[in-house]
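Trainee: Handing you this structure, nothing more for now.
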Amino acid sequence: MSTAAYQELTREVSRNLTALRTHNPDVMQGFGALSKAALAPGALDEKTKELIAMAIGVANRCDACLGFHAKALVRLGATPEEFREMLGVAVYMGGGPSLMYAANATAAYEEFSKAAAAA
């Protein structure tokens, strides 16, 4: 992907969800509530939960997930070491295809890290 590809992808997906927000507001509000509840700190902190979400995004090969969760992980201060360790588990669980998506996840994390450092 090109420079800023994951930033653009997350913006594009957000724009594309506008119709669902308009025509399926109950579904979107319900998903938003589910997300908020699932990521709320409890026995696991939010960063740990986002690492889990990213691993699942890698294992399920979801490009948009890579962008949204990379952005969140940068915001939450996930270190490159934590990120790479999580990717190891994702590859273990998802095999070769997940290895390819681990490379994409790394690109997304690095892209959002550079953007955060520049801001």
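By order in the structure tokens, chains are A, B, ...; within a chain, residues start at 1; ligands start at 1, following the order shown.
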Within 10 Å of region 60-77 of chain A, counting only C-alpha atoms, which residues qualify if same-chain residues fewer than 2 places away don't, as a PDB file with C-alpha atoms, in the first residue's frame?
Mentor:
ATOM      1  CA  ALA A   5      -2.862   4.123   2.792  1.00  0.00           C
ATOM      2  CA  TYR A   6      -4.299   2.929   6.105  1.00  0.00           C
ATOM      3  CA  GLN A   7      -5.196   6.448   7.188  1.00  0.00           C
ATOM      4  CA  GLU A   8      -7.093   6.876   3.929  1.00  0.00           C
ATOM      5  CA  LEU A   9      -8.656   3.410   4.230  1.00  0.00           C
ATOM      6  CA  THR A  10     -10.038   4.172   7.695  1.00  0.00           C
ATOM      7  CA  ARG A  11     -11.423   7.516   6.478  1.00  0.00           C
ATOM      8  CA  GLU A  12     -12.998   5.821   3.452  1.00  0.00           C
ATOM      9  CA  VAL A  13     -14.588   3.048   5.517  1.00  0.00           C
ATOM     10  CA  SER A  14     -15.946   5.641   7.950  1.00  0.00           C
ATOM     11  CA  GLU A  46      -7.967  -1.238  26.816  1.00  0.00           C
ATOM     12  CA  LYS A  47      -4.549  -1.642  25.182  1.00  0.00           C
ATOM     13  CA  THR A  48      -4.559  -5.391  25.806  1.00  0.00           C
ATOM     14  CA  LYS A  49      -8.048  -5.630  24.343  1.00  0.00           C
ATOM     15  CA  GLU A  50      -6.946  -3.662  21.263  1.00  0.00           C
ATOM     16  CA  LEU A  51      -3.969  -6.000  20.843  1.00  0.00           C
ATOM     17  CA  ILE A  52      -6.417  -8.909  20.886  1.00  0.00           C
ATOM     18  CA  ALA A  53      -8.646  -7.136  18.353  1.00  0.00           C
ATOM     19  CA  MET A  54      -5.673  -6.513  16.062  1.00  0.00           C
ATOM     20  CA  ALA A  55      -4.625 -10.175  16.298  1.00  0.00           C
ATOM     21  CA  ILE A  56      -8.126 -11.223  15.285  1.00  0.00           C
ATOM     22  CA  GLY A  57      -8.078  -8.690  12.428  1.00  0.00           C
ATOM     23  CA  VAL A  58      -4.803 -10.205  11.195  1.00  0.00           C
ATOM     24  CA  THR A  79       5.190  -0.343  21.889  1.00  0.00           C
ATOM     25  CA  PRO A  80       6.702  -1.878  18.767  1.00  0.00           C
ATOM     26  CA  GLU A  82       4.187  -5.405  22.172  1.00  0.00           C
ATOM     27  CA  PHE A  83       2.905  -5.071  18.629  1.00  0.00           C
ATOM     28  CA  ALA A  90      -1.787 -13.941  15.348  1.00  0.00           C
ATOM     29  CA  GLY A  94      -3.844 -18.028  11.497  1.00  0.00           C
ATOM     30  CA  PRO A  97      -2.154 -16.054   5.322  1.00  0.00           C
ATOM     31  CA  SER A  98      -1.924 -14.333   8.701  1.00  0.00           C
ATOM     32  CA  LEU A  99       1.821 -13.949   8.214  1.00  0.00           C
ATOM     33  CA  MET A 100       1.103 -11.928   5.074  1.00  0.00           C
ATOM     34  CA  TYR A 101      -1.411  -9.792   6.957  1.00  0.00           C
ATOM     35  CA  ALA A 102       1.073  -9.358   9.819  1.00  0.00           C
ATOM     36  CA  ASN A 104       0.285  -5.268   6.436  1.00  0.00           C
ATOM     37  CA  ALA A 105      -0.511  -4.732  10.120  1.00  0.00           C
ATOM     38  CA  THR A 106       3.082  -3.636  10.675  1.00  0.00           C
ATOM     39  CA  ALA A 107       2.742  -1.130   7.843  1.00  0.00           C
ATOM     40  CA  ALA A 108      -0.470   0.244   9.376  1.00  0.00           C
ATOM     41  CA  TYR A 109       1.108   0.545  12.841  1.00  0.00           C
ATOM     42  CA  GLU A 110       4.170   2.294  11.438  1.00  0.00           C
ATOM     43  CA  GLU A 111       2.014   4.651   9.374  1.00  0.00           C
ATOM     44  CA  PHE A 112      -0.094   5.733  12.362  1.00  0.00           C
ATOM     45  CA  SER A 113       3.024   5.959  14.572  1.00  0.00           C
ATOM     46  CA  LYS A 114       4.696   8.340  12.103  1.00  0.00           C
ATOM     47  CA  ALA A 115       1.519  10.415  11.848  1.00  0.00           C
ATOM     48  CA  ALA A 116       1.253  10.632  15.652  1.00  0.00           C
ATOM     49  CA  ALA A 117       4.910  11.638  15.969  1.00  0.00           C
TER      50      ALA A 117
END
Trainee: Please extract the residues of chain A with a backbone DSSP assignment of alpha helix (DSSP H) and present them as a ChimeraX atom specification.
Mentor: /A:5-16,18-23,25-39,46-59,63-75,80-118
Trainee: Which residues are close to Met28 (chain A), i.e. within 12 Å by only C-alpha atoms, leaving aside same-chain residues fewer than 6 positions away? Reply as a VMD selection string.
Mentor: chain A and resid 14 17 to 22 34 to 35
Trainee: Provide the CA of Ala4 (chain A) to CA of Ala78 (chain A) distance in Å, to one decimal place.
Mentor: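 Spanning CA of Ala4 (chain A) to CA of Ala78 (chain A) is a straight-line distance of 19.5 Å.
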Trainee: What separation in Å, quoted to one decimal, exists between CA of Pro41 (chain A) and CA of Met93 (chain A)?
Mentor: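 Separation of CA of Pro41 (chain A) and CA of Met93 (chain A): 24.8 Å.
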